Amino acid sequence: MLRRITSPSNVNIARRLILNPLTSSTRMSSTKAQTQFNQVLKTEIESIKAAGTYKSERVIVSPQNSAIRVAGKDGKVSAQVNFCANNYLGLADHPEVIARSKHFLDTHGSGLSSVRFICGTQNIHKDLENQITKFYGTEDTILYASCFDANAGIFETILTDQDAVISDSLNHASIIDGIRLCKAKRFRYKNCDMNDLEARLQEADKAGARLKLIATDGVFSMDGKIAPLDKICDIAEKYNALIFVDDCHSTGFLGPNGRGTAEYFGVQDRVHIVNSTLGKALGGAAGGYTTGCKEMIDLLRNRSRPYLFSNSLPPAVVGSASAALDLIESAKTNGLFDQLWGNTTLFRKLLGDAGFTIKGDNHPISPVMLGDARLASEFADKMLQRGIYVVGFSYPVVPKGEARIRVQLSAAHSEEQIRQAAAAFIDIGRELGVIGAKSKL
């Protein structure tokens, strides 16, 4: 047997089998499967393109700010005024944010190569969690790689099949996905409809729910609509329900001190759980968190799967978020809040007076409603040619027939930039028949 294996011809055969173990029939089967798979994917992509909802990515070659540089398909770089970032306070490239990020990179390294409970917790992680806890006046905070992860980890951990979750119909996809992971009974109420919320709570009571958790966005990201948390709190207390708020689009700038939707309505002590992000107003990098009572945070550290199985936040990200929070603490004196809300009011007035339909409340998210997906895409392309960077949103990001350009204002925008954007909207709106020819700035 040994002689047969070690003969030159058999050695060559063995070598070929080791280097290329798949038989020709296996390779043919694999190629056939890949071809079939590619065809299924191609068909799906073509259907997206045919519906006018295909999304392509533009490439930015500068730091995030109100003024950016964008590479075109031909490789040429153009200057653009950016009106679609979540950079509400303009802190993404703030010198103090960048400086602390660099400092933490120097002092604590690039990353931990570990999850938190093994060897991935540094003093700076605990410091940031304590900083967020103090910011909200809660008992404890837990950090995640993103708010999407925070939402994926919360419901499955704190709710069982004995409980019920009552969710707003327009909640973010991450809330919806998180709820799908838990075994609680699920009820959905119409967007910000308090009568419907009450009806769903009554159904949850009839179903014998032990715990009832109302889940809502603080601000609905596609509409710029602020959830009526004061009314939600009144109803929650009537039915002995808990309140969960995803505050990604209000943390850092909504409310007198930027503490979000609950502070905006004066109900911070009546909201039980807040999930939010470090990747929007708080420096724009990455990361998310849950803040609330100590017992809940302890349970999340032990059972929340996205926390247990994801690497710790990189030190540079921790540094940028920490610096952003410090800047927000002084935002009322450094003019950031006044600039942001002044810009929001001006833009909404200019486009409203011109005949555009702007959804939402007086929030920096200012959706310019167009209806048709192709129209939204064409409109955004023409805006880019005018030096205004905006993006058209259509199904499945928003409901069919409700395509829009979601404009987002920032404290970094100047009045000149806002008027420039409004003028471009009006000119292109006339050209495409969205507003009347007599509309003017």
# chains A, B, ... in the order shown; residues from 1 in each chain; ligands from 1
>>> select_by_dssp(residues="region 226-329 of chain A", states="alpha helix (DSSP H)", output="MDAnalysis selection string")
chainID A and resid 229:238 261:265 294:303 305:308 315:329
>>> write_last_selection(atoms="N, CA and C atoms", output="CSV table (one decimal), in the first residue's frame")
chain,number,residue,atom,x,y,z
A,229,LEU,N,-44.8,62.6,23.1
A,229,LEU,CA,-44.5,61.8,24.3
A,229,LEU,C,-45.3,62.1,25.6
A,230,ASP,N,-45.7,63.4,25.7
A,230,ASP,CA,-46.5,63.8,26.8
A,230,ASP,C,-47.8,63.0,26.9
A,231,LYS,N,-48.4,62.9,25.7
A,231,LYS,CA,-49.7,62.2,25.6
A,231,LYS,C,-49.5,60.7,25.8
A,232,ILE,N,-48.4,60.2,25.2
A,232,ILE,CA,-48.0,58.8,25.4
A,232,ILE,C,-47.8,58.4,26.8
A,233,CYS,N,-47.1,59.3,27.6
A,233,CYS,CA,-46.9,59.1,29.0
A,233,CYS,C,-48.2,59.0,29.7
A,234,ASP,N,-49.2,59.9,29.4
A,234,ASP,CA,-50.5,59.9,30.1
A,234,ASP,C,-51.2,58.6,29.9
A,235,ILE,N,-51.2,58.1,28.7
A,235,ILE,CA,-51.9,56.8,28.4
A,235,ILE,C,-51.1,55.6,29.0
A,236,ALA,N,-49.8,55.7,28.9
A,236,ALA,CA,-49.0,54.6,29.5
A,236,ALA,C,-49.3,54.4,31.0
A,237,GLU,N,-49.4,55.6,31.7
A,237,GLU,CA,-49.6,55.5,33.1
A,237,GLU,C,-51.1,55.0,33.4
A,238,LYS,N,-52.0,55.3,32.6
A,238,LYS,CA,-53.4,54.9,32.7
A,238,LYS,C,-53.4,53.3,32.7
A,261,THR,N,-36.3,64.0,23.0
A,261,THR,CA,-37.7,64.1,22.9
A,261,THR,C,-38.4,64.2,24.3
A,262,ALA,N,-37.9,63.4,25.2
A,262,ALA,CA,-38.5,63.4,26.6
A,262,ALA,C,-38.3,64.8,27.2
A,263,GLU,N,-37.1,65.4,27.1
A,263,GLU,CA,-36.8,66.7,27.6
A,263,GLU,C,-37.7,67.7,26.9
A,264,TYR,N,-37.8,67.6,25.6
A,264,TYR,CA,-38.6,68.5,24.8
A,264,TYR,C,-40.1,68.7,25.4
A,265,PHE,N,-40.6,67.5,25.8
A,265,PHE,CA,-42.0,67.5,26.4
A,265,PHE,C,-42.0,67.6,27.9
A,294,LYS,N,-30.7,50.5,36.5
A,294,LYS,CA,-29.5,49.7,36.7
A,294,LYS,C,-29.8,48.2,36.4
A,295,GLU,N,-31.0,47.8,36.9
A,295,GLU,CA,-31.3,46.3,36.8
A,295,GLU,C,-31.4,45.9,35.3
A,296,MET,N,-32.0,46.8,34.5
A,296,MET,CA,-32.1,46.5,33.1
A,296,MET,C,-30.7,46.4,32.4
A,297,ILE,N,-29.9,47.4,32.7
A,297,ILE,CA,-28.6,47.4,32.1
A,297,ILE,C,-27.8,46.2,32.5
A,298,ASP,N,-27.9,45.8,33.8
A,298,ASP,CA,-27.2,44.6,34.3
A,298,ASP,C,-27.7,43.4,33.4
A,299,LEU,N,-29.0,43.3,33.2
A,299,LEU,CA,-29.5,42.1,32.4
A,299,LEU,C,-29.0,42.2,31.0
A,300,LEU,N,-29.0,43.4,30.4
A,300,LEU,CA,-28.5,43.5,29.0
A,300,LEU,C,-27.0,43.1,28.9
A,301,ARG,N,-26.2,43.4,29.9
A,301,ARG,CA,-24.8,43.0,29.9
A,301,ARG,C,-24.6,41.5,29.9
A,302,ASN,N,-25.6,40.8,30.4
A,302,ASN,CA,-25.5,39.4,30.6
A,302,ASN,C,-26.2,38.6,29.5
A,303,ARG,N,-27.2,39.2,28.8
A,303,ARG,CA,-28.0,38.5,27.9
A,303,ARG,C,-28.2,39.1,26.5
A,305,ARG,N,-27.5,39.8,23.0
A,305,ARG,CA,-26.7,39.1,22.1
A,305,ARG,C,-25.8,40.0,21.3
A,306,PRO,N,-26.3,41.2,20.7
A,306,PRO,CA,-25.4,42.1,20.0
A,306,PRO,C,-24.3,42.6,20.9
A,307,TYR,N,-24.5,42.8,22.2
A,307,TYR,CA,-23.5,43.2,23.1
A,307,TYR,C,-22.5,42.1,23.4
A,308,LEU,N,-23.0,40.9,23.7
A,308,LEU,CA,-22.1,39.8,24.1
A,308,LEU,C,-21.2,39.3,22.9
A,315,PRO,N,-11.5,52.9,20.5
A,315,PRO,CA,-11.2,54.1,21.3
A,315,PRO,C,-11.4,55.5,20.6
A,316,ALA,N,-11.0,55.5,19.3
A,316,ALA,CA,-11.2,56.8,18.6
A,316,ALA,C,-12.7,57.2,18.6
A,317,VAL,N,-13.6,56.2,18.4
A,317,VAL,CA,-15.0,56.5,18.4
A,317,VAL,C,-15.5,57.0,19.8
A,318,VAL,N,-15.0,56.3,20.8
A,318,VAL,CA,-15.3,56.7,22.2
A,318,VAL,C,-14.9,58.2,22.4
A,319,GLY,N,-13.7,58.5,22.0
A,319,GLY,CA,-13.2,59.9,22.1
A,319,GLY,C,-14.0,60.9,21.4
A,320,SER,N,-14.4,60.6,20.2
A,320,SER,CA,-15.2,61.6,19.5
A,320,SER,C,-16.6,61.9,20.1
A,321,ALA,N,-17.2,60.8,20.6
A,321,ALA,CA,-18.5,60.9,21.2
A,321,ALA,C,-18.4,61.7,22.6
A,322,SER,N,-17.3,61.4,23.3
A,322,SER,CA,-17.1,62.1,24.6
A,322,SER,C,-16.9,63.6,24.4
A,323,ALA,N,-16.2,63.9,23.4
A,323,ALA,CA,-15.9,65.4,23.1
A,323,ALA,C,-17.2,66.0,22.6
A,324,ALA,N,-18.0,65.3,21.8
A,324,ALA,CA,-19.3,65.9,21.3
A,324,ALA,C,-20.2,66.2,22.5
A,325,LEU,N,-20.3,65.2,23.4
A,325,LEU,CA,-21.2,65.5,24.6
A,325,LEU,C,-20.7,66.7,25.4
A,326,ASP,N,-19.4,66.9,25.5
A,326,ASP,CA,-18.9,68.1,26.2
A,326,ASP,C,-19.4,69.3,25.5
A,327,LEU,N,-19.3,69.3,24.2
A,327,LEU,CA,-19.7,70.5,23.4
A,327,LEU,C,-21.2,70.8,23.5
A,328,ILE,N,-22.0,69.7,23.5
A,328,ILE,CA,-23.4,69.8,23.6
A,328,ILE,C,-23.8,70.4,25.0
A,329,GLU,N,-23.0,70.1,26.0
A,329,GLU,CA,-23.3,70.7,27.3
A,329,GLU,C,-23.2,72.2,27.3
>>> residues_around(residues="region 79-96 of chain A", least_positions_apart="4", cutoff="9 Å", atoms="only C-alpha atoms", output="number ranges by chain")
A: 63-70, 100-101, 249, 252-253, 279-285, 320, 323-324, 327-328, 336-337, 339-340, 364-365, 384, 386-391, 405-413, 417-418, 420-421
>>> closest_residue(among="A:Leu213, A:Val59, A:Ile154, A:Val434", to="Met369 (chain A)", atoms="only C-alpha atoms")
A:Val434
>>> residues_around(residues="region 200-204 of chain A", least_positions_apart="6", cutoff="8 Å", atoms="only C-alpha atoms", output="list in words")
Ala164, Ile166, Lys185, Phe187, Arg188, Tyr189, Lys212 and Tyr239 of chain A
>>> closest_residue(among="A:Gly218, A:Gly287, A:Gly260, A:Gly224", to="Ala145 (chain A)", atoms="only C-alpha atoms")
A:Gly287
>>> residues_around(residues="region 49-55 of chain A", least_positions_apart="5", cutoff="9 Å", atoms="only C-alpha atoms", output="JSON, numbers by chain")
{"A": [44, 372, 373, 374, 375, 377, 393, 394, 395, 396]}
>>> closest_residue(among="A:Ile176, A:Ile214, A:Ala423, A:Leu432", to="Leu370 (chain A)", atoms="only C-alpha atoms")
A:Leu432
>>> select_by_dssp(residues="region 163-364 of chain A", states="strand (DSSP E)", output="PyMOL selection string")
chain A and resi 164-168+185-189+212-217+219-220+225-226+242-246+273-277+288-292
>>> write_last_selection(atoms="N, CA and C atoms", output="mmCIF file, in the first residue's frame")
data_model
loop_
_atom_site.group_PDB
_atom_site.id
_atom_site.type_symbol
_atom_site.label_atom_id
_atom_site.label_comp_id
_atom_site.auth_asym_id
_atom_site.auth_seq_id
_atom_site.Cartn_x
_atom_site.Cartn_y
_atom_site.Cartn_z
ATOM 1 N N ALA A 164 -46.121 41.988 26.354
ATOM 2 C CA ALA A 164 -46.636 42.554 25.107
ATOM 3 C C ALA A 164 -45.849 43.805 24.748
ATOM 4 N N VAL A 165 -45.613 43.988 23.453
ATOM 5 C CA VAL A 165 -44.992 45.210 22.963
ATOM 6 C C VAL A 165 -45.964 45.875 21.999
ATOM 7 N N ILE A 166 -46.184 47.172 22.201
ATOM 8 C CA ILE A 166 -47.131 47.942 21.404
ATOM 9 C C ILE A 166 -46.311 48.981 20.645
ATOM 10 N N SER A 167 -46.236 48.808 19.322
ATOM 11 C CA SER A 167 -45.273 49.545 18.505
ATOM 12 C C SER A 167 -45.961 50.485 17.524
ATOM 13 N N ASP A 168 -45.407 51.686 17.366
ATOM 14 C CA ASP A 168 -45.906 52.644 16.376
ATOM 15 C C ASP A 168 -45.686 52.095 14.970
ATOM 16 N N LYS A 185 -46.068 39.203 22.813
ATOM 17 C CA LYS A 185 -47.227 39.453 21.953
ATOM 18 C C LYS A 185 -47.049 40.821 21.312
ATOM 19 N N ARG A 186 -47.403 40.939 20.039
ATOM 20 C CA ARG A 186 -47.129 42.163 19.296
ATOM 21 C C ARG A 186 -48.417 42.869 18.883
ATOM 22 N N PHE A 187 -48.434 44.156 19.132
ATOM 23 C CA PHE A 187 -49.555 45.002 18.729
ATOM 24 C C PHE A 187 -48.982 46.243 18.053
ATOM 25 N N ARG A 188 -49.694 46.740 17.042
ATOM 26 C CA ARG A 188 -49.212 47.909 16.307
ATOM 27 C C ARG A 188 -50.298 48.968 16.262
ATOM 28 N N TYR A 189 -49.922 50.204 16.594
ATOM 29 C CA TYR A 189 -50.898 51.292 16.542
ATOM 30 C C TYR A 189 -50.532 52.287 15.439
ATOM 31 N N LYS A 212 -46.319 45.492 29.703
ATOM 32 C CA LYS A 212 -46.706 46.124 28.443
ATOM 33 C C LYS A 212 -45.674 47.216 28.149
ATOM 34 N N LEU A 213 -45.040 47.136 26.980
ATOM 35 C CA LEU A 213 -44.015 48.093 26.594
ATOM 36 C C LEU A 213 -44.450 48.832 25.338
ATOM 37 N N ILE A 214 -44.614 50.140 25.438
ATOM 38 C CA ILE A 214 -44.906 50.979 24.273
ATOM 39 C C ILE A 214 -43.577 51.357 23.637
ATOM 40 N N ALA A 215 -43.436 51.098 22.340
ATOM 41 C CA ALA A 215 -42.187 51.391 21.626
ATOM 42 C C ALA A 215 -42.445 52.434 20.545
ATOM 43 N N THR A 216 -41.675 53.509 20.580
ATOM 44 C CA THR A 216 -41.853 54.568 19.573
ATOM 45 C C THR A 216 -40.530 55.244 19.259
ATOM 46 N N ASP A 217 -40.409 55.724 18.043
ATOM 47 C CA ASP A 217 -39.345 56.667 17.713
ATOM 48 C C ASP A 217 -39.652 57.983 18.412
ATOM 49 N N VAL A 219 -38.397 60.856 17.166
ATOM 50 C CA VAL A 219 -38.649 61.592 15.924
ATOM 51 C C VAL A 219 -38.617 60.583 14.789
ATOM 52 N N PHE A 220 -39.617 60.604 13.940
ATOM 53 C CA PHE A 220 -39.704 59.649 12.830
ATOM 54 C C PHE A 220 -38.833 60.155 11.684
ATOM 55 N N LYS A 225 -41.368 64.032 12.036
ATOM 56 C CA LYS A 225 -42.514 64.164 12.943
ATOM 57 C C LYS A 225 -42.092 63.775 14.352
ATOM 58 N N ILE A 226 -42.451 64.602 15.331
ATOM 59 C CA ILE A 226 -42.072 64.359 16.716
ATOM 60 C C ILE A 226 -43.196 63.611 17.419
ATOM 61 N N LEU A 242 -44.887 50.453 30.263
ATOM 62 C CA LEU A 242 -43.550 51.037 30.162
ATOM 63 C C LEU A 242 -43.403 51.765 28.825
ATOM 64 N N ILE A 243 -42.444 52.680 28.738
ATOM 65 C CA ILE A 243 -42.217 53.430 27.494
ATOM 66 C C ILE A 243 -40.767 53.285 27.060
ATOM 67 N N PHE A 244 -40.594 52.878 25.795
ATOM 68 C CA PHE A 244 -39.288 52.806 25.146
ATOM 69 C C PHE A 244 -39.253 53.836 24.028
ATOM 70 N N VAL A 245 -38.164 54.618 23.970
ATOM 71 C CA VAL A 245 -38.017 55.631 22.925
ATOM 72 C C VAL A 245 -36.675 55.453 22.211
ATOM 73 N N ASP A 246 -36.723 55.376 20.880
ATOM 74 C CA ASP A 246 -35.521 55.456 20.053
ATOM 75 C C ASP A 246 -35.351 56.928 19.696
ATOM 76 N N ILE A 273 -37.037 53.792 29.097
ATOM 77 C CA ILE A 273 -35.891 53.287 28.333
ATOM 78 C C ILE A 273 -35.630 54.225 27.157
ATOM 79 N N VAL A 274 -34.385 54.637 26.991
ATOM 80 C CA VAL A 274 -33.998 55.417 25.817
ATOM 81 C C VAL A 274 -32.846 54.700 25.113
ATOM 82 N N ASN A 275 -33.043 54.417 23.839
ATOM 83 C CA ASN A 275 -31.959 53.954 22.966
ATOM 84 C C ASN A 275 -31.610 55.092 22.020
ATOM 85 N N SER A 276 -30.324 55.267 21.762
ATOM 86 C CA SER A 276 -29.949 56.314 20.818
ATOM 87 C C SER A 276 -28.579 56.013 20.227
ATOM 88 N N THR A 277 -28.067 56.991 19.488
ATOM 89 C CA THR A 277 -26.867 56.774 18.683
ATOM 90 C C THR A 277 -25.791 57.808 18.992
ATOM 91 N N GLY A 288 -23.879 53.136 19.607
ATOM 92 C CA GLY A 288 -25.211 53.368 20.140
ATOM 93 C C GLY A 288 -25.231 53.004 21.606
ATOM 94 N N TYR A 289 -26.394 53.164 22.240
ATOM 95 C CA TYR A 289 -26.474 52.860 23.664
ATOM 96 C C TYR A 289 -27.920 52.690 24.101
ATOM 97 N N THR A 290 -28.069 52.052 25.265
ATOM 98 C CA THR A 290 -29.331 51.983 25.992
ATOM 99 C C THR A 290 -29.080 52.599 27.348
ATOM 100 N N THR A 291 -29.987 53.472 27.797
ATOM 101 C CA THR A 291 -29.857 54.058 29.127
ATOM 102 C C THR A 291 -31.172 53.924 29.864
ATOM 103 N N GLY A 292 -31.083 53.657 31.167
ATOM 104 C CA GLY A 292 -32.287 53.426 31.961
ATOM 105 C C GLY A 292 -31.925 52.956 33.359
#
>>> atom_distance(atom1="CA of Cys119 (chain A)", atom2="CA of Ile142 (chain A)")
16.1 Å
>>> closest_residue(among="A:Ala241, A:Leu170, A:Ile132, A:Leu350", to="Val398 (chain A)", atoms="only C-alpha atoms")
A:Leu170
>>> closest_residue(among="A:Ile435, A:Ala184, A:Met383, A:Ala331", to="Phe356 (chain A)", atoms="only C-alpha atoms")
A:Ile435
